[in-house]
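Read the structure below first, then the notes.
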Amino acid sequence: MKKILAITIFTVLFSCTDNSTLEVFDKDQQAAEVNVKGFSKPDVIQMRLNGKPISINGQNSYTDKIETKISFVLDKGETDDLEIYNSQTGTQIAKYTITYDNFKNYYNLSFFNLPDIFLKTYAVKPQVNLGKVGFQFIFPNLGEFSGSSLEGVKGILKRENGLTLAEFDNIGKNDFSALKIYSFFSVSAPVYLELYKPGTMEPYSNQPLIKVTLKQDIGANMIVLQEKMENGNVVVKGDIDVADYL
């Protein structure tokens, strides 16, 4: 389990080019480059290549915005492991196995590490005008408990009285959906997101329509949807707002 929010949070932008070991000797070797763009809060993390800590501006652990370029040589038939650890607990957060054949898939590597969740994406807080509310969604564990094979769902955001506020054609696993904006109407009234199969009005899983209760804040709301089990039933929660960390 990930840890508790830190009381004091500093924003530091790391960037570096000192993680380079590029000496290609023969045709069975390949020069690889991984451009990392990540974010972690409140956890302090450490990246390791084959068990060796990656230094960024002389630091072996880092938090907030994290940017660096890692260059190394791959041998054909062998694997190189790029891992991310929680520096304080030693817990492995993520692992990427890079080979001679797949290294191009990792040329750009993005992540967002928050309490209780790790997203393989990067996010920038969108600008929303004063008096407006904006929503974006991502659904990284879609199908984990429902068994759905869908890569995305359709979402309809509604007021308590059933009035439609916005429609989202595709809420996927890997990236945030398009931003939809409406006028703010109440500081206390919740809104509801109904989830359907894309292009239809059928519930996305083989059970009754799932509604997600959401708190609306003025400005940007970047909600992580999560399937969970409650009393033997699949529910979807939207308790994590990435905008709170940006």
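Every chain in the structure tokens takes a letter, A first, then B, and so on in the order presented; its residues are numbered from 1, and the ligands are numbered from 1 following the presented order.
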List every residue of region 89-135 of chain A that has an atom at most 12 Å from any atom of region 242-245 of chain A, giving for each one its closest atom pair and the distance in Å to one decimal, counting only C-alpha atoms, sorted by chain and then by ascending residue number, as JSON lines.
{"residue": "A:Phe112", "atom": "CA", "partner": "A:Val242", "partner_atom": "CA", "distance": 9.0}
{"residue": "A:Asn113", "atom": "CA", "partner": "A:Val242", "partner_atom": "CA", "distance": 10.0}
{"residue": "A:Leu114", "atom": "CA", "partner": "A:Val242", "partner_atom": "CA", "distance": 8.2}
{"residue": "A:Pro115", "atom": "CA", "partner": "A:Val242", "partner_atom": "CA", "distance": 10.5}
{"residue": "A:Ile117", "atom": "CA", "partner": "A:Val242", "partner_atom": "CA", "distance": 10.6}
{"residue": "A:Phe118", "atom": "CA", "partner": "A:Val242", "partner_atom": "CA", "distance": 11.3}
{"residue": "A:Leu119", "atom": "CA", "partner": "A:Val242", "partner_atom": "CA", "distance": 10.4}
{"residue": "A:Thr121", "atom": "CA", "partner": "A:Val242", "partner_atom": "CA", "distance": 11.8}
{"residue": "A:Tyr122", "atom": "CA", "partner": "A:Val242", "partner_atom": "CA", "distance": 10.5}
{"residue": "A:Ala123", "atom": "CA", "partner": "A:Val242", "partner_atom": "CA", "distance": 8.3}
{"residue": "A:Val124", "atom": "CA", "partner": "A:Ala243", "partner_atom": "CA", "distance": 8.5}
{"residue": "A:Lys125", "atom": "CA", "partner": "A:Ala243", "partner_atom": "CA", "distance": 6.1}
{"residue": "A:Pro126", "atom": "CA", "partner": "A:Ala243", "partner_atom": "CA", "distance": 8.8}
{"residue": "A:Gln127", "atom": "CA", "partner": "A:Ala243", "partner_atom": "CA", "distance": 10.9}
{"residue": "A:Val128", "atom": "CA", "partner": "A:Ala243", "partner_atom": "CA", "distance": 11.8}
{"residue": "A:Gly134", "atom": "CA", "partner": "A:Ala243", "partner_atom": "CA", "distance": 10.7}
{"residue": "A:Phe135", "atom": "CA", "partner": "A:Ala243", "partner_atom": "CA", "distance": 10.1}
Okay, now the selection with N, CA, C and O atoms, as a PDB file, in the first residue's frame?
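Output saved as selection.pdb:
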ATOM      1  N   PHE A 112       2.652   8.313 -13.778  1.00  0.00           N
ATOM      2  CA  PHE A 112       2.071   9.198 -12.776  1.00  0.00           C
ATOM      3  C   PHE A 112       1.857   8.344 -11.534  1.00  0.00           C
ATOM      4  O   PHE A 112       1.012   7.461 -11.530  1.00  0.00           O
ATOM      5  N   ASN A 113       2.650   8.580 -10.494  1.00  0.00           N
ATOM      6  CA  ASN A 113       2.610   7.765  -9.285  1.00  0.00           C
ATOM      7  C   ASN A 113       1.937   8.541  -8.153  1.00  0.00           C
ATOM      8  O   ASN A 113       2.449   9.551  -7.682  1.00  0.00           O
ATOM      9  N   LEU A 114       0.763   8.060  -7.728  1.00  0.00           N
ATOM     10  CA  LEU A 114      -0.021   8.705  -6.673  1.00  0.00           C
ATOM     11  C   LEU A 114      -0.347   7.677  -5.594  1.00  0.00           C
ATOM     12  O   LEU A 114      -0.154   6.474  -5.798  1.00  0.00           O
ATOM     13  N   PRO A 115      -0.833   8.118  -4.431  1.00  0.00           N
ATOM     14  CA  PRO A 115      -1.201   7.144  -3.400  1.00  0.00           C
ATOM     15  C   PRO A 115      -2.184   6.099  -3.925  1.00  0.00           C
ATOM     16  O   PRO A 115      -3.212   6.439  -4.500  1.00  0.00           O
ATOM     17  N   ILE A 117      -2.177   4.232  -6.486  1.00  0.00           N
ATOM     18  CA  ILE A 117      -2.361   4.008  -7.929  1.00  0.00           C
ATOM     19  C   ILE A 117      -1.138   4.458  -8.711  1.00  0.00           C
ATOM     20  O   ILE A 117      -0.468   5.437  -8.351  1.00  0.00           O
ATOM     21  N   PHE A 118      -0.824   3.696  -9.771  1.00  0.00           N
ATOM     22  CA  PHE A 118       0.278   4.021 -10.676  1.00  0.00           C
ATOM     23  C   PHE A 118      -0.284   4.056 -12.091  1.00  0.00           C
ATOM     24  O   PHE A 118      -0.815   3.065 -12.579  1.00  0.00           O
ATOM     25  N   LEU A 119      -0.187   5.213 -12.746  1.00  0.00           N
ATOM     26  CA  LEU A 119      -0.698   5.376 -14.101  1.00  0.00           C
ATOM     27  C   LEU A 119       0.459   5.396 -15.096  1.00  0.00           C
ATOM     28  O   LEU A 119       1.443   6.105 -14.888  1.00  0.00           O
ATOM     29  N   THR A 121       0.953   6.925 -17.752  1.00  0.00           N
ATOM     30  CA  THR A 121       0.658   8.065 -18.611  1.00  0.00           C
ATOM     31  C   THR A 121       1.210   9.305 -17.949  1.00  0.00           C
ATOM     32  O   THR A 121       1.710   9.250 -16.819  1.00  0.00           O
ATOM     33  N   TYR A 122       1.124  10.435 -18.631  1.00  0.00           N
ATOM     34  CA  TYR A 122       1.530  11.711 -18.045  1.00  0.00           C
ATOM     35  C   TYR A 122       0.377  12.676 -18.226  1.00  0.00           C
ATOM     36  O   TYR A 122      -0.384  12.565 -19.195  1.00  0.00           O
ATOM     37  N   ALA A 123       0.229  13.591 -17.313  1.00  0.00           N
ATOM     38  CA  ALA A 123      -0.928  14.485 -17.360  1.00  0.00           C
ATOM     39  C   ALA A 123      -0.506  15.922 -17.073  1.00  0.00           C
ATOM     40  O   ALA A 123       0.392  16.168 -16.266  1.00  0.00           O
ATOM     41  N   VAL A 124      -1.165  16.831 -17.733  1.00  0.00           N
ATOM     42  CA  VAL A 124      -0.987  18.266 -17.501  1.00  0.00           C
ATOM     43  C   VAL A 124      -2.350  18.834 -17.135  1.00  0.00           C
ATOM     44  O   VAL A 124      -3.352  18.553 -17.790  1.00  0.00           O
ATOM     45  N   LYS A 125      -2.397  19.619 -16.076  1.00  0.00           N
ATOM     46  CA  LYS A 125      -3.665  20.182 -15.622  1.00  0.00           C
ATOM     47  C   LYS A 125      -4.195  21.175 -16.650  1.00  0.00           C
ATOM     48  O   LYS A 125      -3.526  22.155 -16.976  1.00  0.00           O
ATOM     49  N   PRO A 126      -5.384  20.938 -17.181  1.00  0.00           N
ATOM     50  CA  PRO A 126      -5.917  21.843 -18.212  1.00  0.00           C
ATOM     51  C   PRO A 126      -6.406  23.160 -17.617  1.00  0.00           C
ATOM     52  O   PRO A 126      -6.741  23.238 -16.435  1.00  0.00           O
ATOM     53  N   GLN A 127      -6.444  24.182 -18.441  1.00  0.00           N
ATOM     54  CA  GLN A 127      -6.950  25.479 -18.032  1.00  0.00           C
ATOM     55  C   GLN A 127      -8.472  25.512 -18.196  1.00  0.00           C
ATOM     56  O   GLN A 127      -8.997  25.175 -19.250  1.00  0.00           O
ATOM     57  N   VAL A 128      -9.162  25.924 -17.137  1.00  0.00           N
ATOM     58  CA  VAL A 128     -10.615  26.046 -17.166  1.00  0.00           C
ATOM     59  C   VAL A 128     -10.968  27.445 -16.667  1.00  0.00           C
ATOM     60  O   VAL A 128     -10.490  27.879 -15.617  1.00  0.00           O
ATOM     61  N   GLY A 134     -14.534  21.650 -15.431  1.00  0.00           N
ATOM     62  CA  GLY A 134     -14.048  20.768 -16.488  1.00  0.00           C
ATOM     63  C   GLY A 134     -13.784  19.373 -15.954  1.00  0.00           C
ATOM     64  O   GLY A 134     -13.263  19.217 -14.841  1.00  0.00           O
ATOM     65  N   PHE A 135     -14.164  18.357 -16.733  1.00  0.00           N
ATOM     66  CA  PHE A 135     -13.915  16.969 -16.335  1.00  0.00           C
ATOM     67  C   PHE A 135     -13.132  16.228 -17.417  1.00  0.00           C
ATOM     68  O   PHE A 135     -13.392  16.378 -18.618  1.00  0.00           O
TER      69      PHE A 135
END
What lies within 10 Å of Val133 (chain A) using only C-alpha atoms, ignoring chain neighbours under 5 positions off, as an mmCIF file with N, CA, C and O atoms, in the first residue's frame?
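The result, written out as selection_33.cif:
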data_model
loop_
_atom_site.group_PDB
_atom_site.id
_atom_site.type_symbol
_atom_site.label_atom_id
_atom_site.label_comp_id
_atom_site.auth_asym_id
_atom_site.auth_seq_id
_atom_site.Cartn_x
_atom_site.Cartn_y
_atom_site.Cartn_z
ATOM 1 N N VAL A 128 -9.162 25.924 -17.137
ATOM 2 C CA VAL A 128 -10.615 26.046 -17.166
ATOM 3 C C VAL A 128 -10.968 27.445 -16.667
ATOM 4 O O VAL A 128 -10.490 27.879 -15.617
ATOM 5 N N LEU A 179 -11.282 16.884 -22.583
ATOM 6 C CA LEU A 179 -11.844 17.743 -21.548
ATOM 7 C C LEU A 179 -13.219 18.246 -21.972
ATOM 8 O O LEU A 179 -13.400 18.731 -23.083
ATOM 9 N N LYS A 180 -14.191 18.124 -21.080
ATOM 10 C CA LYS A 180 -15.524 18.674 -21.309
ATOM 11 C C LYS A 180 -15.827 19.684 -20.204
ATOM 12 O O LYS A 180 -15.558 19.421 -19.023
ATOM 13 N N ILE A 181 -16.408 20.838 -20.585
ATOM 14 C CA ILE A 181 -16.599 21.963 -19.664
ATOM 15 C C ILE A 181 -18.067 22.364 -19.610
ATOM 16 O O ILE A 181 -18.766 22.355 -20.630
ATOM 17 N N TYR A 182 -18.532 22.712 -18.414
ATOM 18 C CA TYR A 182 -19.883 23.253 -18.251
ATOM 19 C C TYR A 182 -19.844 24.319 -17.156
ATOM 20 O O TYR A 182 -18.851 24.451 -16.417
ATOM 21 N N SER A 183 -20.925 25.053 -16.992
ATOM 22 C CA SER A 183 -20.998 26.118 -15.992
ATOM 23 C C SER A 183 -21.252 25.535 -14.606
ATOM 24 O O SER A 183 -22.121 24.664 -14.433
ATOM 25 N N PHE A 184 -20.509 26.005 -13.640
ATOM 26 C CA PHE A 184 -20.670 25.549 -12.269
ATOM 27 C C PHE A 184 -22.047 25.937 -11.739
ATOM 28 O O PHE A 184 -22.532 27.041 -11.990
ATOM 29 N N PHE A 185 -22.707 25.012 -10.974
ATOM 30 C CA PHE A 185 -24.066 25.313 -10.521
ATOM 31 C C PHE A 185 -24.285 25.112 -9.031
ATOM 32 O O PHE A 185 -25.265 25.611 -8.487
ATOM 33 N N GLN A 216 -17.856 17.713 -7.636
ATOM 34 C CA GLN A 216 -17.402 18.655 -8.662
ATOM 35 C C GLN A 216 -16.726 19.847 -8.000
ATOM 36 O O GLN A 216 -17.241 20.438 -7.056
ATOM 37 N N ASP A 217 -15.539 20.164 -8.481
ATOM 38 C CA ASP A 217 -14.814 21.345 -8.042
ATOM 39 C C ASP A 217 -14.773 22.349 -9.182
ATOM 40 O O ASP A 217 -14.656 21.965 -10.357
ATOM 41 N N ILE A 218 -14.831 23.615 -8.855
ATOM 42 C CA ILE A 218 -14.645 24.639 -9.879
ATOM 43 C C ILE A 218 -13.247 24.474 -10.471
ATOM 44 O O ILE A 218 -12.278 24.242 -9.758
ATOM 45 N N GLY A 219 -13.146 24.565 -11.784
ATOM 46 C CA GLY A 219 -11.868 24.348 -12.453
ATOM 47 C C GLY A 219 -11.757 22.921 -12.976
ATOM 48 O O GLY A 219 -12.757 22.277 -13.303
ATOM 49 N N ALA A 220 -10.538 22.417 -13.043
ATOM 50 C CA ALA A 220 -10.277 21.106 -13.646
ATOM 51 C C ALA A 220 -10.495 19.971 -12.656
ATOM 52 O O ALA A 220 -10.076 20.039 -11.498
ATOM 53 N N ASN A 221 -11.151 18.914 -13.120
ATOM 54 C CA ASN A 221 -11.320 17.664 -12.383
ATOM 55 C C ASN A 221 -10.784 16.544 -13.269
ATOM 56 O O ASN A 221 -11.329 16.293 -14.354
#
Write out as number ranges by chain all residues of region 28-192 of chain A that DSSP puts in strand (DSSP E) for this structure's backbone.
A: 29-49, 52-53, 62-75, 79-86, 92-99, 108-114, 117-119, 132-138, 152-158, 164-172, 180-183, 191-192
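Near Leu142 (chain A), within 8 Å and counting only C-alpha atoms, sit Ser148, Leu150, Glu151, Gly152, Lys173, Gln226 and Glu227 of chain A; same-chain residues fewer than 6 positions away were not included.
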Store the residues picked out above, limited to N, CA and C atoms, as a CSV table (one decimal), in the first residue's frame.
chain,number,residue,atom,x,y,z
A,148,SER,N,-15.0,-7.2,-18.3
A,148,SER,CA,-15.2,-6.6,-19.6
A,148,SER,C,-13.9,-6.6,-20.4
A,150,LEU,N,-13.5,-4.6,-23.0
A,150,LEU,CA,-13.5,-3.3,-23.6
A,150,LEU,C,-12.2,-2.5,-23.3
A,151,GLU,N,-11.7,-1.8,-24.3
A,151,GLU,CA,-10.6,-0.9,-24.0
A,151,GLU,C,-11.0,0.5,-23.6
A,152,GLY,N,-12.3,0.8,-23.7
A,152,GLY,CA,-12.8,2.1,-23.3
A,152,GLY,C,-14.3,2.0,-23.1
A,173,LYS,N,-8.2,3.3,-21.0
A,173,LYS,CA,-7.3,2.8,-19.9
A,173,LYS,C,-6.0,3.6,-19.9
A,226,GLN,N,-12.1,3.6,-11.0
A,226,GLN,CA,-11.5,2.4,-10.6
A,226,GLN,C,-12.7,1.4,-10.3
A,227,GLU,N,-12.6,0.2,-10.9
A,227,GLU,CA,-13.5,-0.9,-10.6
A,227,GLU,C,-13.1,-1.5,-9.2
Gly232 (chain A): which residues within 12 Å, counting only C-alpha atoms, same-chain residues fewer than 3 positions away excluded, as a ChimeraX atom specification?
/A:145-146,228-229,235
Can you tell me how far CA of Ile66 (chain A) sits from CA of Tyr106 (chain A), in Å to one decimal?
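For CA of Ile66 (chain A) relative to CA of Tyr106 (chain A), the distance reads 16.2 Å.
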In Å, rounded to a single decimal, give me how far CA of Asp169 (chain A) is from CA of Val153 (chain A).
7.4 Å
Rank nothing, just name the residue among A:Lys237, A:Lys211, A:Lys104, A:Lys52 nearest to Leu74 (chain A), using only C-alpha atoms.
A:Lys104
Which of these, A:Ala31, A:Leu193, A:Phe137, A:Ile56, has the shortest distance to Leu209 (chain A) once you count only C-alpha atoms?
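Smallest separation from Leu209 (chain A) among the options: A:Leu193.
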Got a sec: who's within 8 Å of Glu194 (chain A), counting only C-alpha atoms, leaving out chain neighbours fewer than 2 positions off, as a ChimeraX atom specification?
/A:155-158,192,196,209-212
Generate a file of the selected residues that holds N, CA, C and O atoms, formatted as a short mmCIF file (atom, residue, chain, number, x, y, z; two decimals), in the first residue's frame.
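Written output follows (selection_38.cif):
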data_model
loop_
_atom_site.label_atom_id
_atom_site.label_comp_id
_atom_site.auth_asym_id
_atom_site.auth_seq_id
_atom_site.Cartn_x
_atom_site.Cartn_y
_atom_site.Cartn_z
N GLY A 155 -19.14 7.68 -21.45
CA GLY A 155 -19.62 8.24 -20.20
C GLY A 155 -20.58 9.39 -20.43
O GLY A 155 -20.35 10.22 -21.32
N ILE A 156 -21.66 9.43 -19.66
CA ILE A 156 -22.59 10.56 -19.70
C ILE A 156 -22.65 11.16 -18.30
O ILE A 156 -23.01 10.48 -17.34
N LEU A 157 -22.26 12.40 -18.19
CA LEU A 157 -22.22 13.10 -16.91
C LEU A 157 -23.53 13.86 -16.72
O LEU A 157 -23.94 14.63 -17.59
N LYS A 158 -24.20 13.61 -15.58
CA LYS A 158 -25.53 14.18 -15.36
C LYS A 158 -25.64 14.84 -13.99
O LYS A 158 -24.92 14.49 -13.05
N TYR A 192 -23.21 12.78 -11.50
CA TYR A 192 -23.19 11.33 -11.70
C TYR A 192 -22.70 11.00 -13.10
O TYR A 192 -23.12 11.61 -14.07
N TYR A 196 -21.38 3.33 -20.28
CA TYR A 196 -22.00 2.51 -21.33
C TYR A 196 -20.92 1.93 -22.26
O TYR A 196 -19.78 2.41 -22.29
N LEU A 209 -26.88 -0.87 -14.99
CA LEU A 209 -26.14 0.35 -15.28
C LEU A 209 -25.35 0.81 -14.05
O LEU A 209 -25.88 0.89 -12.95
N ILE A 210 -24.07 1.11 -14.26
CA ILE A 210 -23.22 1.60 -13.18
C ILE A 210 -23.17 3.12 -13.23
O ILE A 210 -22.90 3.72 -14.27
N LYS A 211 -23.47 3.74 -12.09
CA LYS A 211 -23.37 5.19 -11.94
C LYS A 211 -22.27 5.51 -10.94
O LYS A 211 -22.19 4.89 -9.87
N VAL A 212 -21.43 6.48 -11.28
CA VAL A 212 -20.34 6.89 -10.41
C VAL A 212 -20.70 8.25 -9.82
O VAL A 212 -20.97 9.20 -10.56
#
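Comparing A:Leu49, A:Ile240, A:Lys65, A:Gly143 by their smallest distance to Val224 (chain A), the closest is A:Ile240 (using only C-alpha atoms).
The residue that comes closest to Thr164 (chain A), out of A:Glu144, A:Pro203, A:Val191, A:Gln46 and on the basis of only C-alpha atoms, is A:Val191.
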When distances are computed from only C-alpha atoms, which of A:Ser205, A:Gly199, A:Gly147, A:Gln88 shows the smallest separation from Phe168 (chain A)?
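Looking only at the distances to Phe168 (chain A), the closest residue turns out to be A:Gly199.
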Check region 51-213 of chain A with DSSP on the backbone and list each residue it calls helix (DSSP H, G or I), as a list in words.
Phe103, Lys104, Asn105 and Tyr106 of chain A
Could the residues in this selection be written to a file with C-alpha atoms, as a short mmCIF file (atom, residue, chain, number, x, y, z; two decimals), in the first residue's frame?
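Dumped everything to selection01.cif:
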data_model
loop_
_atom_site.label_atom_id
_atom_site.label_comp_id
_atom_site.auth_asym_id
_atom_site.auth_seq_id
_atom_site.Cartn_x
_atom_site.Cartn_y
_atom_site.Cartn_z
CA PHE A 103 13.46 -1.19 -27.04
CA LYS A 104 11.74 1.23 -29.45
CA ASN A 105 8.51 0.76 -27.45
CA TYR A 106 10.20 2.49 -24.52
#
I need the residue nearest Thr91 (chain A) from this list: A:Asp64, A:Val44, A:Lys76, A:Leu214. Use only C-alpha atoms for the distance.
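The closest residue to Thr91 (chain A) is A:Val44.
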